[in-house]
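Since the structure comes first, as structure tokens, the remarks are kept for the end.
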Amino acid sequence: MRRSTLLLLLLVTLVVAALPSAGAGTGTIAGTVLDVHGKPVADATVTLQTADGRHPTTETTNAQGRFFFPQLAHGYYDVRAYHNGAWSPWKHNIEVVTGKQTEVTLHLATARKKPA
């Protein structure tokens, strides 16, 4: 009986080790949105899309001006921010590397017109 218990435990361990973990093969883009004076901006909307302009998604900055896009597939992405009529320029071709967090700083401009 003891031998069968050990074999069962070994089998379960091997099966669990073979399962993909949550977020396997993914990385994160994180960063800070700053105003024209270099101060963090809370409640800014940050837009992320694939580098070819597809699959846009948004996050809102926290009280420290931070944003996070977790569990992104390896690849290239574009991001920009908006708050109270001010836009940041797009940051293009930000590489997401599996298992890594890529940091980005977005600077809001004073322009009232949405940049292209």
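Just so we're on the same page: first chain in the structure tokens is A, next is B, and so on; residues restart at 1 for each chain, and ligands are numbered from 1 in the order they show up.
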* Asked: Contacts of range 65-78 of chain A at 8 Å or less, counting only C-alpha atoms, minus same-chain residues fewer than 4 places along, as a PyMOL selection string?
  -> chain A and resi 23+25-34+40-44+46+48-51+53+59-61+90-98
* To do: Go ahead and compute the interatomic distance for CA of Trp87 in chain A and CA of Thr110 in chain A, in Å to one decimal.
  =>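 Between CA of Trp87 in chain A and CA of Thr110 in chain A the gap works out to 7.5 Å.
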* **Given only C-alpha atoms as the counted atoms, nearest of A:Tyr82, A:Leu108, A:Lys39, A:Thr102 to Gln64 in chain A** =>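 Among the listed residues, the smallest separation from Gln64 in chain A belongs to A:Lys39.
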* **DSSP strand (DSSP E or B) selection over range 16-115 of chain A, as number ranges by chain** => A: 26-34, 40, 45-50, 57-60, 66-73, 75-83, 86-87, 91-96, 101-107
Residue subset to file, keeping C-alpha atoms, as a PDB file, in the first residue's frame:
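Contents of part_17.pdb, freshly written:
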ATOM      1  CA  THR A  26       3.173  36.217 -21.121  1.00  0.00           C
ATOM      2  CA  GLY A  27       4.673  39.461 -19.924  1.00  0.00           C
ATOM      3  CA  THR A  28       3.497  42.808 -18.576  1.00  0.00           C
ATOM      4  CA  ILE A  29       3.595  46.431 -19.685  1.00  0.00           C
ATOM      5  CA  ALA A  30       3.538  48.753 -16.700  1.00  0.00           C
ATOM      6  CA  GLY A  31       4.295  52.413 -16.337  1.00  0.00           C
ATOM      7  CA  THR A  32       3.543  55.896 -15.138  1.00  0.00           C
ATOM      8  CA  VAL A  33       1.641  58.788 -16.680  1.00  0.00           C
ATOM      9  CA  LEU A  34       3.171  62.213 -15.948  1.00  0.00           C
ATOM     10  CA  PRO A  40       2.065  61.542 -11.680  1.00  0.00           C
ATOM     11  CA  THR A  45      -6.911  56.525 -19.324  1.00  0.00           C
ATOM     12  CA  VAL A  46      -4.132  54.479 -20.899  1.00  0.00           C
ATOM     13  CA  THR A  47      -4.833  52.748 -24.215  1.00  0.00           C
ATOM     14  CA  LEU A  48      -2.857  49.710 -25.327  1.00  0.00           C
ATOM     15  CA  GLN A  49      -3.119  48.069 -28.734  1.00  0.00           C
ATOM     16  CA  THR A  50      -1.103  45.616 -30.755  1.00  0.00           C
ATOM     17  CA  THR A  57      -7.866  47.906 -24.450  1.00  0.00           C
ATOM     18  CA  THR A  58      -7.733  50.497 -21.680  1.00  0.00           C
ATOM     19  CA  GLU A  59      -6.680  50.763 -18.067  1.00  0.00           C
ATOM     20  CA  THR A  60      -6.948  53.656 -15.605  1.00  0.00           C
ATOM     21  CA  ARG A  66       0.701  53.858 -12.385  1.00  0.00           C
ATOM     22  CA  PHE A  67      -0.907  51.474 -14.878  1.00  0.00           C
ATOM     23  CA  PHE A  68      -0.534  47.764 -15.576  1.00  0.00           C
ATOM     24  CA  PHE A  69      -1.380  45.558 -18.539  1.00  0.00           C
ATOM     25  CA  PRO A  70      -0.621  42.027 -17.280  1.00  0.00           C
ATOM     26  CA  GLN A  71      -0.571  38.706 -19.119  1.00  0.00           C
ATOM     27  CA  LEU A  72       0.182  40.048 -22.593  1.00  0.00           C
ATOM     28  CA  ALA A  73       1.365  37.635 -25.239  1.00  0.00           C
ATOM     29  CA  GLY A  75       4.976  40.687 -29.137  1.00  0.00           C
ATOM     30  CA  TYR A  76       4.948  44.414 -29.838  1.00  0.00           C
ATOM     31  CA  TYR A  77       2.428  46.938 -28.534  1.00  0.00           C
ATOM     32  CA  ASP A  78       1.640  50.668 -28.702  1.00  0.00           C
ATOM     33  CA  VAL A  79       0.430  52.739 -25.726  1.00  0.00           C
ATOM     34  CA  ARG A  80      -0.711  56.285 -25.039  1.00  0.00           C
ATOM     35  CA  ALA A  81      -2.560  58.168 -22.302  1.00  0.00           C
ATOM     36  CA  TYR A  82      -5.342  60.720 -22.005  1.00  0.00           C
ATOM     37  CA  HIS A  83      -6.498  62.928 -19.132  1.00  0.00           C
ATOM     38  CA  ALA A  86      -4.306  66.235 -22.679  1.00  0.00           C
ATOM     39  CA  TRP A  87      -2.876  63.338 -24.704  1.00  0.00           C
ATOM     40  CA  LYS A  91       4.864  54.984 -27.720  1.00  0.00           C
ATOM     41  CA  HIS A  92       5.268  52.464 -30.523  1.00  0.00           C
ATOM     42  CA  ASN A  93       6.686  48.955 -30.713  1.00  0.00           C
ATOM     43  CA  ILE A  94       7.069  48.279 -27.003  1.00  0.00           C
ATOM     44  CA  GLU A  95       8.284  44.713 -26.780  1.00  0.00           C
ATOM     45  CA  VAL A  96       6.669  42.342 -24.324  1.00  0.00           C
ATOM     46  CA  GLN A 101       7.723  43.513 -17.031  1.00  0.00           C
ATOM     47  CA  THR A 102       8.437  46.330 -19.484  1.00  0.00           C
ATOM     48  CA  GLU A 103       8.326  49.836 -17.974  1.00  0.00           C
ATOM     49  CA  VAL A 104       6.960  52.808 -19.921  1.00  0.00           C
ATOM     50  CA  THR A 105       6.656  56.491 -19.002  1.00  0.00           C
ATOM     51  CA  LEU A 106       3.998  58.512 -20.820  1.00  0.00           C
ATOM     52  CA  HIS A 107       4.138  62.341 -20.789  1.00  0.00           C
TER      53      HIS A 107
END
